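model.cif (mmCIF, C-alpha atoms)
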```
data_my_file
loop_
_atom_site.label_atom_id
_atom_site.label_comp_id
_atom_site.auth_asym_id
_atom_site.auth_seq_id
_atom_site.Cartn_x
_atom_site.Cartn_y
_atom_site.Cartn_z
CA MET P 248 0.00 0.00 0.00
CA ILE P 249 2.85 2.42 0.80
CA GLY P 250 5.38 0.89 -1.58
CA LEU P 251 7.21 -1.45 0.79
CA PRO P 252 7.57 -5.19 0.19
CA ALA P 253 5.56 -7.49 2.44
CA PHE P 254 8.74 -8.99 3.93
CA LEU P 255 12.22 -7.55 4.50
CA PRO P 256 14.03 -10.44 6.24
CA ASP P 257 17.34 -8.58 6.40
CA LEU P 258 15.80 -5.61 8.21
CA THR P 259 16.26 -6.66 11.85
CA ASP P 260 17.40 -3.45 13.55
CA TYR P 261 14.62 -1.77 15.57
CA ARG P 262 15.55 1.78 14.62
CA GLY P 263 16.11 0.71 11.04
CA CYS P 264 12.56 -0.65 10.91
CA ILE P 265 11.16 2.65 12.17
CA ASN P 266 13.19 4.71 9.69
CA THR P 267 12.16 2.49 6.77
CA ILE P 268 8.46 2.68 7.56
CA GLU P 269 8.51 6.40 8.37
CA GLY P 270 10.37 7.13 5.17
CA ALA P 271 7.70 5.36 3.15
CA VAL P 272 4.79 6.97 5.02
CA ARG P 273 6.17 10.50 4.64
CA ARG P 274 5.65 10.32 0.89
CA PHE P 275 1.88 10.57 1.41
CA SER P 276 -0.40 13.22 2.85
CA GLY P 277 -2.90 12.36 5.55
CA ALA P 278 -5.74 12.52 3.03
CA GLU P 279 -3.87 10.17 0.68
CA LEU P 280 -3.27 7.67 3.47
CA GLU P 281 -6.96 7.78 4.39
CA ARG P 282 -7.87 7.06 0.77
CA LEU P 283 -5.40 4.16 0.61
CA ASN P 284 -6.72 2.75 3.89
CA LYS P 285 -10.20 2.70 2.44
CA GLU P 286 -9.11 1.18 -0.87
CA HIS P 287 -7.01 -1.54 0.79
CA ARG P 288 -9.32 -2.01 3.81
CA GLN P 289 -6.51 -1.25 6.23
CA ALA P 290 -6.84 -0.15 9.86
CA GLY P 291 -5.10 3.21 9.96
CA VAL P 292 -6.16 6.63 11.26
CA PRO P 293 -4.83 10.16 11.66
CA VAL P 294 -3.63 10.81 15.21
CA LEU P 295 -6.03 13.45 16.56
CA THR P 296 -6.16 15.46 19.75
CA ASN P 297 -9.36 14.92 21.68
CA GLU P 298 -10.43 18.45 20.78
CA ARG P 299 -10.14 17.66 17.06
CA TYR P 300 -11.85 14.29 17.50
CA GLN P 301 -14.83 15.96 19.15
CA ARG P 302 -15.21 18.20 16.11
CA THR P 303 -15.36 15.30 13.64
CA ALA P 304 -18.74 13.99 12.50
CA HIS P 305 -17.95 10.69 14.17
CA GLY P 306 -16.89 12.31 17.43
CA GLN P 307 -20.08 14.37 17.51
CA ALA P 308 -22.18 11.25 16.98
CA MET P 309 -20.31 9.45 19.76
CA ALA P 310 -20.80 12.32 22.21
CA SER P 311 -24.41 11.29 22.79
CA LEU P 312 -23.57 7.65 23.52
CA PRO P 313 -22.96 6.34 27.07
CA LEU P 314 -20.11 4.01 27.96
CA PHE P 315 -22.25 1.01 27.00
CA THR P 316 -25.83 0.35 25.96
CA VAL P 317 -28.25 -2.49 26.69
CA ASN P 318 -31.43 -2.57 24.61
CA PRO P 319 -34.20 -5.09 23.87
CA LEU P 320 -34.07 -6.88 20.54
CA GLY P 321 -37.81 -6.59 20.29
CA VAL P 322 -38.73 -10.24 20.66
CA SER P 323 -40.74 -11.45 23.65
CA THR P 324 -39.72 -14.70 25.32
CA PRO P 325 -40.20 -15.77 28.95
CA PRO P 326 -37.63 -14.89 31.62
CA VAL P 327 -34.71 -17.33 31.92
CA PRO P 328 -33.89 -17.41 35.65
CA PHE P 329 -30.45 -18.06 37.04
CA ALA P 330 -29.59 -21.51 38.39
CA ASP P 331 -31.71 -22.51 41.39
CA PRO P 332 -29.73 -21.63 44.54
CA THR P 333 -31.22 -24.67 46.31
CA ASN P 334 -28.98 -26.75 44.07
CA GLU P 335 -26.02 -24.82 45.51
CA PRO P 336 -24.22 -23.62 42.38
CA SER P 337 -20.76 -22.48 43.35
CA GLN P 338 -20.79 -19.73 40.69
CA CYS P 339 -23.61 -17.42 39.67
CA LEU P 340 -23.46 -18.05 35.88
CA GLN P 341 -23.21 -21.83 36.04
CA GLY P 342 -25.36 -23.38 33.34
CA LEU P 343 -25.03 -20.41 30.96
CA ARG P 344 -23.56 -21.18 27.54
CA VAL P 345 -21.55 -18.46 25.84
CA ILE P 346 -20.27 -18.48 22.26
CA GLU P 347 -17.33 -16.12 21.83
CA LEU P 348 -16.61 -14.94 18.28
CA CYS P 349 -13.58 -12.75 18.97
CA ARG P 350 -9.83 -12.35 18.60
CA VAL P 351 -6.94 -10.68 20.43
CA ILE P 352 -7.91 -8.99 23.77
CA ALA P 353 -11.01 -6.84 24.32
CA GLY P 354 -13.72 -9.26 23.18
CA PRO P 355 -12.00 -12.34 24.65
CA THR P 356 -11.70 -10.48 27.98
CA ILE P 357 -15.50 -10.38 28.12
CA GLY P 358 -15.59 -14.14 27.67
CA ARG P 359 -12.81 -14.65 30.21
CA SER P 360 -14.72 -12.60 32.77
CA LEU P 361 -18.01 -14.47 32.22
CA ALA P 362 -16.07 -17.73 32.62
CA ALA P 363 -14.80 -16.45 35.98
CA HIS P 364 -18.43 -16.30 37.08
CA GLY P 365 -19.09 -19.88 36.01
CA ALA P 366 -20.36 -19.59 32.43
CA SER P 367 -19.32 -22.24 29.90
CA VAL P 368 -17.51 -20.08 27.34
CA LEU P 369 -16.68 -21.62 23.97
CA LYS P 370 -14.30 -19.46 21.94
CA ILE P 371 -14.69 -20.13 18.22
CA THR P 372 -12.02 -18.92 15.81
CA SER P 373 -11.41 -19.57 12.14
CA PRO P 374 -8.28 -21.48 11.07
CA GLN P 375 -7.94 -18.94 8.25
CA ILE P 376 -7.78 -15.81 10.43
CA PRO P 377 -4.63 -15.09 12.48
CA ASP P 378 -4.57 -14.28 16.18
CA VAL P 379 -1.82 -13.32 18.63
CA PRO P 380 -0.63 -16.48 20.44
CA PHE P 381 0.91 -14.56 23.34
CA PHE P 382 -2.42 -13.08 24.45
CA GLN P 383 -4.15 -16.47 24.34
CA LEU P 384 -2.21 -17.44 27.48
CA ASP P 385 -4.32 -14.95 29.41
CA VAL P 386 -7.63 -14.38 27.62
CA ASN P 387 -8.38 -18.09 27.03
CA THR P 388 -8.31 -18.87 30.75
CA GLY P 389 -11.41 -20.74 31.90
CA LYS P 390 -12.73 -21.46 28.40
CA HIS P 391 -12.91 -24.16 25.82
CA THR P 392 -11.58 -23.16 22.42
CA THR P 393 -12.44 -24.65 19.05
CA SER P 394 -11.90 -23.96 15.36
CA LEU P 395 -14.70 -23.61 12.79
CA HIS P 396 -14.75 -21.96 9.37
CA LEU P 397 -18.21 -20.50 8.88
CA LYS P 398 -18.02 -20.64 5.09
CA LYS P 399 -17.73 -24.44 5.09
CA PRO P 400 -21.11 -26.23 5.13
CA GLY P 401 -19.96 -28.90 7.58
CA ASP P 402 -18.65 -26.33 10.05
CA VAL P 403 -21.81 -24.23 9.65
CA LYS P 404 -23.90 -27.24 10.64
CA ILE P 405 -21.80 -27.75 13.78
CA PHE P 406 -21.97 -24.03 14.60
CA GLU P 407 -25.74 -23.97 14.33
CA SER P 408 -26.01 -26.98 16.63
CA LEU P 409 -23.99 -25.04 19.20
CA LEU P 410 -26.15 -21.94 18.69
CA ALA P 411 -29.31 -23.94 19.37
CA THR P 412 -28.66 -23.95 23.13
CA ALA P 413 -26.43 -20.86 23.51
CA ASP P 414 -27.46 -18.09 25.90
CA VAL P 415 -24.91 -15.39 25.05
CA ILE P 416 -23.06 -14.44 21.84
CA ILE P 417 -19.98 -12.20 22.03
CA ASP P 418 -19.14 -10.55 18.70
CA GLY P 419 -15.75 -8.83 18.56
CA TYR P 420 -15.40 -8.49 14.80
CA ARG P 421 -15.81 -5.43 12.60
CA PRO P 422 -19.48 -4.44 12.45
CA GLY P 423 -21.38 -6.46 9.85
CA VAL P 424 -18.91 -9.33 9.50
CA ILE P 425 -20.87 -11.89 11.54
CA ALA P 426 -24.16 -10.60 10.12
CA SER P 427 -22.84 -11.17 6.59
CA LEU P 428 -22.59 -14.87 7.44
CA GLY P 429 -26.30 -14.96 8.31
CA TYR P 430 -26.04 -14.43 12.07
CA SER P 431 -27.16 -10.87 12.74
CA PRO P 432 -28.48 -10.09 16.23
CA GLU P 433 -31.99 -9.79 14.80
CA ASP P 434 -31.77 -13.16 13.02
CA LEU P 435 -30.52 -14.88 16.16
CA ALA P 436 -33.20 -13.23 18.30
CA ALA P 437 -35.84 -14.52 15.88
CA LYS P 438 -34.41 -18.04 16.19
CA ALA P 439 -34.34 -17.65 19.97
CA ALA P 440 -38.03 -16.73 19.89
CA GLN P 441 -38.79 -19.97 18.05
CA ARG P 442 -37.14 -21.98 20.82
CA GLY P 443 -38.82 -19.86 23.51
CA ARG P 444 -35.58 -18.77 25.19
CA GLY P 445 -34.04 -15.37 24.50
CA ILE P 446 -30.39 -14.57 23.81
CA VAL P 447 -27.99 -11.84 24.89
CA TYR P 448 -25.91 -10.50 21.99
CA VAL P 449 -22.80 -8.57 23.10
CA ILE P 450 -20.93 -6.42 20.57
CA GLU P 451 -17.47 -4.93 21.05
CA ASP P 452 -15.69 -3.07 18.25
CA CYS P 453 -13.17 -0.29 17.70
CA PHE P 454 -14.95 2.90 16.65
CA GLY P 455 -18.46 2.43 18.07
CA GLY P 456 -21.51 4.32 16.87
CA THR P 457 -23.16 1.65 14.71
CA GLU P 458 -26.54 2.37 16.28
CA LYS P 459 -26.06 6.07 15.46
CA GLY P 460 -24.92 5.50 11.88
CA ALA P 461 -21.66 7.23 12.83
CA GLU P 462 -19.25 7.92 9.97
CA TRP P 463 -16.43 5.57 11.01
CA ALA P 464 -18.56 2.90 12.68
CA GLY P 465 -17.74 0.21 10.13
CA ARG P 466 -13.98 0.74 10.02
CA PRO P 467 -11.62 -1.94 11.31
CA GLY P 468 -9.29 -1.25 14.20
CA TRP P 469 -7.80 -2.22 17.55
CA GLN P 470 -6.64 -0.48 20.72
CA GLN P 471 -3.86 1.66 19.27
CA ILE P 472 -6.19 2.81 16.49
CA ALA P 473 -8.80 3.95 19.02
CA ASP P 474 -6.15 5.52 21.28
CA CYS P 475 -4.78 7.53 18.37
CA VAL P 476 -8.05 8.74 16.87
CA THR P 477 -9.77 9.75 20.15
CA GLY P 478 -6.86 11.72 21.58
CA VAL P 479 -5.51 9.31 24.21
CA ALA P 480 -2.13 9.06 22.45
CA TRP P 481 -1.79 12.85 22.45
CA GLU P 482 -2.48 12.94 26.20
CA GLN P 483 0.23 10.30 26.74
CA GLY P 484 2.71 12.40 24.79
CA ARG P 485 1.81 15.58 26.67
CA PHE P 486 2.30 13.83 30.00
CA MET P 487 5.79 12.85 28.83
CA GLY P 488 6.59 16.49 28.11
CA LEU P 489 6.35 16.14 24.33
CA ASN P 490 4.44 18.07 21.70
CA GLU P 491 3.57 14.86 19.87
CA PRO P 492 1.51 11.71 20.49
CA VAL P 493 2.89 8.49 21.96
CA VAL P 494 0.91 5.25 22.09
CA PRO P 495 0.15 4.37 25.73
CA PRO P 496 1.84 1.33 27.29
CA PHE P 497 0.04 -1.98 27.76
CA PRO P 498 -3.38 -3.03 26.40
CA MET P 499 -5.16 -0.78 28.90
CA SER P 500 -8.04 0.26 26.65
CA ASP P 501 -8.40 -3.34 25.49
CA TYR P 502 -8.80 -4.71 29.01
CA GLY P 503 -10.85 -1.70 30.09
CA THR P 504 -13.25 -2.23 27.21
CA GLY P 505 -13.40 -5.91 28.10
CA CYS P 506 -14.45 -4.98 31.64
CA VAL P 507 -17.10 -2.59 30.33
CA GLY P 508 -18.33 -5.25 27.91
CA THR P 509 -18.62 -7.66 30.83
CA ILE P 510 -20.79 -5.18 32.75
CA ALA P 511 -22.96 -4.77 29.65
CA ALA P 512 -23.22 -8.55 29.22
CA LEU P 513 -24.12 -9.10 32.88
CA SER P 514 -26.76 -6.38 32.59
CA GLY P 515 -28.26 -8.10 29.54
CA ILE P 516 -28.18 -11.48 31.27
CA TYR P 517 -29.94 -9.99 34.29
CA ARG P 518 -32.59 -8.32 32.10
CA ARG P 519 -33.23 -11.63 30.33
CA ALA P 520 -33.53 -13.39 33.69
CA THR P 521 -35.97 -10.87 35.18
CA GLU P 522 -37.87 -9.49 32.18
CA GLY P 523 -37.42 -12.12 29.48
CA GLY P 524 -36.80 -11.36 25.82
CA SER P 525 -33.53 -11.00 23.94
CA TRP P 526 -31.08 -8.17 24.53
CA ILE P 527 -28.32 -6.45 22.57
CA CYS P 528 -25.37 -4.94 24.45
CA ARG P 529 -22.82 -2.63 22.82
CA THR P 530 -19.56 -0.98 23.72
CA SER P 531 -16.33 -0.08 21.92
CA LEU P 532 -12.70 0.82 22.42
CA SER P 533 -13.54 4.40 21.47
CA GLN P 534 -16.33 4.61 24.04
CA PHE P 535 -13.92 3.46 26.73
CA ASP P 536 -11.34 6.03 25.59
CA ILE P 537 -13.95 8.81 25.58
CA PHE P 538 -14.91 7.82 29.13
CA LEU P 539 -11.25 7.70 30.17
CA LEU P 540 -10.60 11.18 28.80
CA SER P 541 -13.73 12.52 30.51
CA LEU P 542 -12.12 11.72 33.87
CA GLY P 543 -9.43 14.31 33.20
CA THR P 544 -5.69 14.18 33.82
CA TYR P 545 -3.78 14.18 37.09
CA PRO P 546 -3.01 17.61 38.60
CA ALA P 547 0.26 19.13 37.43
CA ASP P 548 2.07 18.41 40.70
CA ILE P 549 1.18 14.71 40.56
CA GLN P 550 2.36 14.52 36.96
CA ARG P 551 5.67 16.13 37.92
CA GLN P 552 6.07 13.63 40.76
CA LEU P 553 5.44 10.68 38.41
CA ARG P 554 7.99 12.01 35.92
CA ARG P 555 10.56 12.33 38.71
CA GLU P 556 9.94 8.84 40.08
CA HIS P 557 9.89 6.81 36.88
CA ASP P 558 12.83 5.68 34.79
CA PRO P 559 14.14 8.55 32.61
CA TYR P 560 14.64 6.01 29.82
CA PHE P 561 10.85 5.79 29.48
CA PHE P 562 10.62 9.49 28.72
CA GLU P 563 13.02 9.16 25.78
CA LEU P 564 10.25 7.43 23.81
CA ARG P 565 8.78 9.21 20.80
CA HIS P 566 5.76 9.04 18.50
CA SER P 567 7.40 6.41 16.31
CA ASP P 568 8.12 3.87 19.04
CA SER P 569 6.11 0.66 18.98
CA VAL P 570 3.66 -0.32 21.70
CA ASP P 571 5.98 -3.24 22.52
CA GLU P 572 8.91 -0.90 23.18
CA VAL P 573 6.73 1.54 25.14
CA SER P 574 5.28 -1.26 27.28
CA GLN P 575 8.66 -2.88 27.89
CA ARG P 576 10.13 0.32 29.29
CA ALA P 577 7.02 1.10 31.34
CA LEU P 578 6.92 -2.40 32.82
CA LYS P 579 10.57 -2.22 33.88
CA SER P 580 9.96 1.06 35.67
CA ILE P 581 6.75 -0.11 37.39
CA LYS P 582 8.39 -3.33 38.58
CA TYR P 583 11.22 -1.32 40.12
CA LEU P 584 8.91 1.16 41.88
CA HIS P 585 6.12 -1.23 42.87
CA PRO P 586 7.52 -4.77 43.27
CA THR P 587 4.61 -5.75 45.55
CA LEU P 588 2.26 -5.75 42.56
CA PHE P 589 4.22 -8.65 41.11
CA GLY P 590 4.56 -10.72 44.29
CA ALA P 591 3.59 -14.39 44.49
CA HIS P 592 0.62 -13.51 46.73
CA MET P 593 -0.96 -11.59 43.84
CA VAL P 594 -1.11 -14.48 41.36
CA GLN P 595 -2.12 -18.08 41.05
CA GLY P 596 -0.51 -20.71 38.88
CA VAL P 597 -1.97 -23.83 37.28
CA TYR P 598 -0.44 -26.42 35.01
CA SER P 599 -1.84 -26.14 31.48
CA GLU P 600 -1.61 -29.41 29.62
CA ALA P 601 -2.36 -27.60 26.38
CA PHE P 602 0.62 -25.24 26.77
CA GLY P 603 2.80 -27.82 28.53
CA GLY P 604 3.69 -25.73 31.55
CA VAL P 605 2.50 -23.71 34.51
CA VAL P 606 0.62 -20.55 33.57
CA THR P 607 0.11 -17.82 36.16
CA TRP P 608 -2.47 -15.04 36.20
CA PRO P 609 -3.62 -12.41 38.72
CA LYS P 610 -5.97 -13.60 41.42
CA GLU P 611 -9.55 -12.40 41.12
CA PRO P 612 -9.90 -9.01 42.86
CA LEU P 613 -13.62 -9.42 43.57
CA GLU P 614 -15.28 -11.29 46.43
CA VAL P 615 -19.05 -11.78 46.80
CA ASP P 616 -20.62 -13.53 49.78
CA GLY P 617 -22.30 -16.80 48.89
CA ILE P 618 -20.67 -17.40 45.51
CA LYS P 619 -17.22 -18.16 44.18
CA ILE P 620 -15.38 -16.21 41.50
CA GLY P 621 -12.55 -17.69 39.51
CA HIS P 622 -11.68 -20.17 36.79
CA VAL P 623 -12.25 -23.91 36.91
CA ARG P 624 -10.07 -24.86 33.95
CA PRO P 625 -6.61 -23.71 32.83
CA THR P 626 -5.91 -21.77 29.67
CA ARG P 627 -5.30 -23.32 26.26
CA PRO P 628 -4.49 -22.09 22.74
CA ASN P 629 -7.14 -21.36 20.14
CA GLY P 630 -8.73 -24.39 18.46
CA TYR P 631 -7.77 -26.84 21.20
CA ASP P 632 -11.13 -28.48 22.01
CA GLU P 633 -13.89 -30.29 20.18
CA PRO P 634 -16.87 -28.12 19.14
CA THR P 635 -19.32 -29.44 21.72
CA TRP P 636 -21.03 -28.45 24.96
CA ASP P 637 -20.64 -31.97 26.34
CA GLY P 638 -17.98 -33.42 28.62
CA TRP P 639 -16.34 -30.21 29.84
CA GLU P 640 -13.85 -30.68 32.68
CA ARG P 641 -14.39 -28.62 35.84
CA ASP P 642 -11.82 -28.41 38.63
CA GLU P 643 -13.37 -26.51 41.51
CA THR P 644 -10.20 -26.81 43.58
CA LEU P 645 -8.83 -23.98 41.44
CA LEU P 646 -11.40 -21.63 43.00
CA GLY P 647 -9.67 -21.91 46.34
CA VAL P 648 -6.13 -21.26 45.09
#
```
Give the structure from this file in structure tokens form.
Amino acid sequence: MIGLPAFLPDLTDYRGCINTIEGAVRRFSGAELERLNKEHRQAGVPVLTNERYQRTAHGQAMASLPLFTVNPLGVSTPPVPFADPTNEPSQCLQGLRVIELCRVIAGPTIGRSLAAHGASVLKITSPQIPDVPFFQLDVNTGKHTTSLHLKKPGDVKIFESLLATADVIIDGYRPGVIASLGYSPEDLAAKAAQRGRGIVYVIEDCFGGTEKGAEWAGRPGWQQIADCVTGVAWEQGRFMGLNEPVVPPFPMSDYGTGCVGTIAALSGIYRRATEGGSWICRTSLSQFDIFLLSLGTYPADIQRQLRREHDPYFFELRHSDSVDEVSQRALKSIKYLHPTLFGAHMVQGVYSEAFGGVVTWPKEPLEVDGIKIGHVRPTRPNGYDEPTWDGWERDETLLGV
């Protein structure tokens, strides 16, 4: 798209990579890059301040949206109550079946969180679409994972058999992708009405605004795209004393959006349990970023203190540095200043047969009297399990770790 070959195996120097890419990008104006993105269906955006974002047509449409929405799908079915407490379920969502159609972090975090409350979460990915293996160590905790290609008749038949008894669908793809395969929220709600048991359809995407017809709603993207277009990257750069944007460290907006999506999903599940019907829940990376920016920045004296305390090497980063480099330097500084956050008492470890080793993750921060919160099965890579709801292992001893 910008005149570079797909692979440059001899280009292994970090700074050389940056200079090569920047040199190619500089040959185009912002408007030309936007046109190329559209033509090649690429996920790129101009890096805007929040003030400029608010003046765009998309930003103005998003201004009227809350952090998440939960709305009826317009089909009446009876309430579907939670598991009977007389049967002493150890977790509040036991018995709920969740199909997760997501990749990378934000959407899978919703599934991970529902699994921590006892739901049976089946993550379905296509063997023809790549994912990031590193993140699967975390976001696949507590789930089963399977592989189906929804353009193959045999796999479609299996998928529809799984749908027949599913309670929740999590859709983390670009708006319209799952619908184009014949599984729009409205279609699935109609099928749910035929079986007499509503569904909860949870949507997480990058730009948000589908229900408003917002200008960029259908564009592809991920955390860094949202951080750059909404103004979060500019705020990061300003904090660092720069007059330029810097992508924030860590997948903070990804995990934050996953938490918000979980709240939306739980709200939809509760509405289905108490009112009946099917429900559609929406949030996006951009909605989380808008919310984050609405909280404001730290006072100037706190910002100065943070700059004094943290590793000066972090503040040498610039707009062109990758999120991996930014996160690596931030993590080193945080570990030095706050070693307690990384102590053994903060995590639990379980042997994962699928990964062939012990995988650790942070202990659940939430406690609720009368129920247990946590995962009853270790993590696994994508596509590890058979596509079935039957015969799932459940190790409740993990809840006490």
Enumerate, as a PDB file with C-alpha atoms, in the coordinates of the input, the residues matched when the PyMOL selection byres ((chain P and resi 407) around 12) is run on the file above.
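For reference, part29.pdb as written:
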```pdb
ATOM      1  CA  ILE P 346     -20.270 -18.480  22.260  1.00  0.00           C
ATOM      2  CA  LEU P 395     -14.700 -23.610  12.790  1.00  0.00           C
ATOM      3  CA  LEU P 397     -18.210 -20.500   8.880  1.00  0.00           C
ATOM      4  CA  PRO P 400     -21.110 -26.230   5.130  1.00  0.00           C
ATOM      5  CA  GLY P 401     -19.960 -28.900   7.580  1.00  0.00           C
ATOM      6  CA  ASP P 402     -18.650 -26.330  10.050  1.00  0.00           C
ATOM      7  CA  VAL P 403     -21.810 -24.230   9.650  1.00  0.00           C
ATOM      8  CA  LYS P 404     -23.900 -27.240  10.640  1.00  0.00           C
ATOM      9  CA  ILE P 405     -21.800 -27.750  13.780  1.00  0.00           C
ATOM     10  CA  PHE P 406     -21.970 -24.030  14.600  1.00  0.00           C
ATOM     11  CA  SER P 408     -26.010 -26.980  16.630  1.00  0.00           C
ATOM     12  CA  LEU P 409     -23.990 -25.040  19.200  1.00  0.00           C
ATOM     13  CA  LEU P 410     -26.150 -21.940  18.690  1.00  0.00           C
ATOM     14  CA  ALA P 411     -29.310 -23.940  19.370  1.00  0.00           C
ATOM     15  CA  THR P 412     -28.660 -23.950  23.130  1.00  0.00           C
ATOM     16  CA  ALA P 413     -26.430 -20.860  23.510  1.00  0.00           C
ATOM     17  CA  LEU P 428     -22.590 -14.870   7.440  1.00  0.00           C
ATOM     18  CA  GLY P 429     -26.300 -14.960   8.310  1.00  0.00           C
ATOM     19  CA  TYR P 430     -26.040 -14.430  12.070  1.00  0.00           C
ATOM     20  CA  LEU P 435     -30.520 -14.880  16.160  1.00  0.00           C
ATOM     21  CA  LYS P 438     -34.410 -18.040  16.190  1.00  0.00           C
ATOM     22  CA  PRO P 634     -16.870 -28.120  19.140  1.00  0.00           C
ATOM     23  CA  THR P 635     -19.320 -29.440  21.720  1.00  0.00           C
TER      24      THR P 635
END
```
Starting from the displayed file, determine the output of the PyMOL selection byres ((chain P and resi 276-286) around 12) and express the residue list as a PDB file with C-alpha atoms, in the frame of the given file.
```pdb
ATOM      1  CA  MET P 248       0.000   0.000   0.000  1.00  0.00           C
ATOM      2  CA  ILE P 249       2.850   2.420   0.800  1.00  0.00           C
ATOM      3  CA  GLY P 250       5.380   0.890  -1.580  1.00  0.00           C
ATOM      4  CA  ALA P 271       7.700   5.360   3.150  1.00  0.00           C
ATOM      5  CA  VAL P 272       4.790   6.970   5.020  1.00  0.00           C
ATOM      6  CA  ARG P 273       6.170  10.500   4.640  1.00  0.00           C
ATOM      7  CA  ARG P 274       5.650  10.320   0.890  1.00  0.00           C
ATOM      8  CA  PHE P 275       1.880  10.570   1.410  1.00  0.00           C
ATOM      9  CA  HIS P 287      -7.010  -1.540   0.790  1.00  0.00           C
ATOM     10  CA  ARG P 288      -9.320  -2.010   3.810  1.00  0.00           C
ATOM     11  CA  GLN P 289      -6.510  -1.250   6.230  1.00  0.00           C
ATOM     12  CA  ALA P 290      -6.840  -0.150   9.860  1.00  0.00           C
ATOM     13  CA  GLY P 291      -5.100   3.210   9.960  1.00  0.00           C
ATOM     14  CA  VAL P 292      -6.160   6.630  11.260  1.00  0.00           C
ATOM     15  CA  PRO P 293      -4.830  10.160  11.660  1.00  0.00           C
ATOM     16  CA  VAL P 294      -3.630  10.810  15.210  1.00  0.00           C
ATOM     17  CA  LEU P 295      -6.030  13.450  16.560  1.00  0.00           C
ATOM     18  CA  TRP P 463     -16.430   5.570  11.010  1.00  0.00           C
ATOM     19  CA  GLY P 465     -17.740   0.210  10.130  1.00  0.00           C
ATOM     20  CA  ARG P 466     -13.980   0.740  10.020  1.00  0.00           C
ATOM     21  CA  PRO P 467     -11.620  -1.940  11.310  1.00  0.00           C
ATOM     22  CA  GLY P 468      -9.290  -1.250  14.200  1.00  0.00           C
TER      23      GLY P 468
END
```
**Q.** Among the residues P:Ile581, P:Val368, P:Ile537, P:Val322, the one that comes closest to Arg442 of chain P [using all atoms listed in the file]
**A.** P:Val322
Hits from the PyMOL selection byres ((chain P and resi 500) around 7), listed as a PDB file with C-alpha atoms, keeping the file's coordinate frame:
```pdb
ATOM      1  CA  GLN P 470      -6.640  -0.480  20.720  1.00  0.00           C
ATOM      2  CA  PRO P 498      -3.380  -3.030  26.400  1.00  0.00           C
ATOM      3  CA  MET P 499      -5.160  -0.780  28.900  1.00  0.00           C
ATOM      4  CA  ASP P 501      -8.400  -3.340  25.490  1.00  0.00           C
ATOM      5  CA  TYR P 502      -8.800  -4.710  29.010  1.00  0.00           C
ATOM      6  CA  GLY P 503     -10.850  -1.700  30.090  1.00  0.00           C
ATOM      7  CA  THR P 504     -13.250  -2.230  27.210  1.00  0.00           C
ATOM      8  CA  LEU P 532     -12.700   0.820  22.420  1.00  0.00           C
ATOM      9  CA  PHE P 535     -13.920   3.460  26.730  1.00  0.00           C
ATOM     10  CA  ASP P 536     -11.340   6.030  25.590  1.00  0.00           C
TER      11      ASP P 536
END
```
Q | Shell of 7 Å around segment 376-385 of chain P, all atoms listed in the file, local chain residues under 3 positions omitted, as an MDAnalysis selection string | A | chainID P and resid 350:352 373 388 626:628
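The interatomic distance for the pair atom CA of Ser367 of chain P and atom CA of Gly419 of chain P works out to 17.9 Å.
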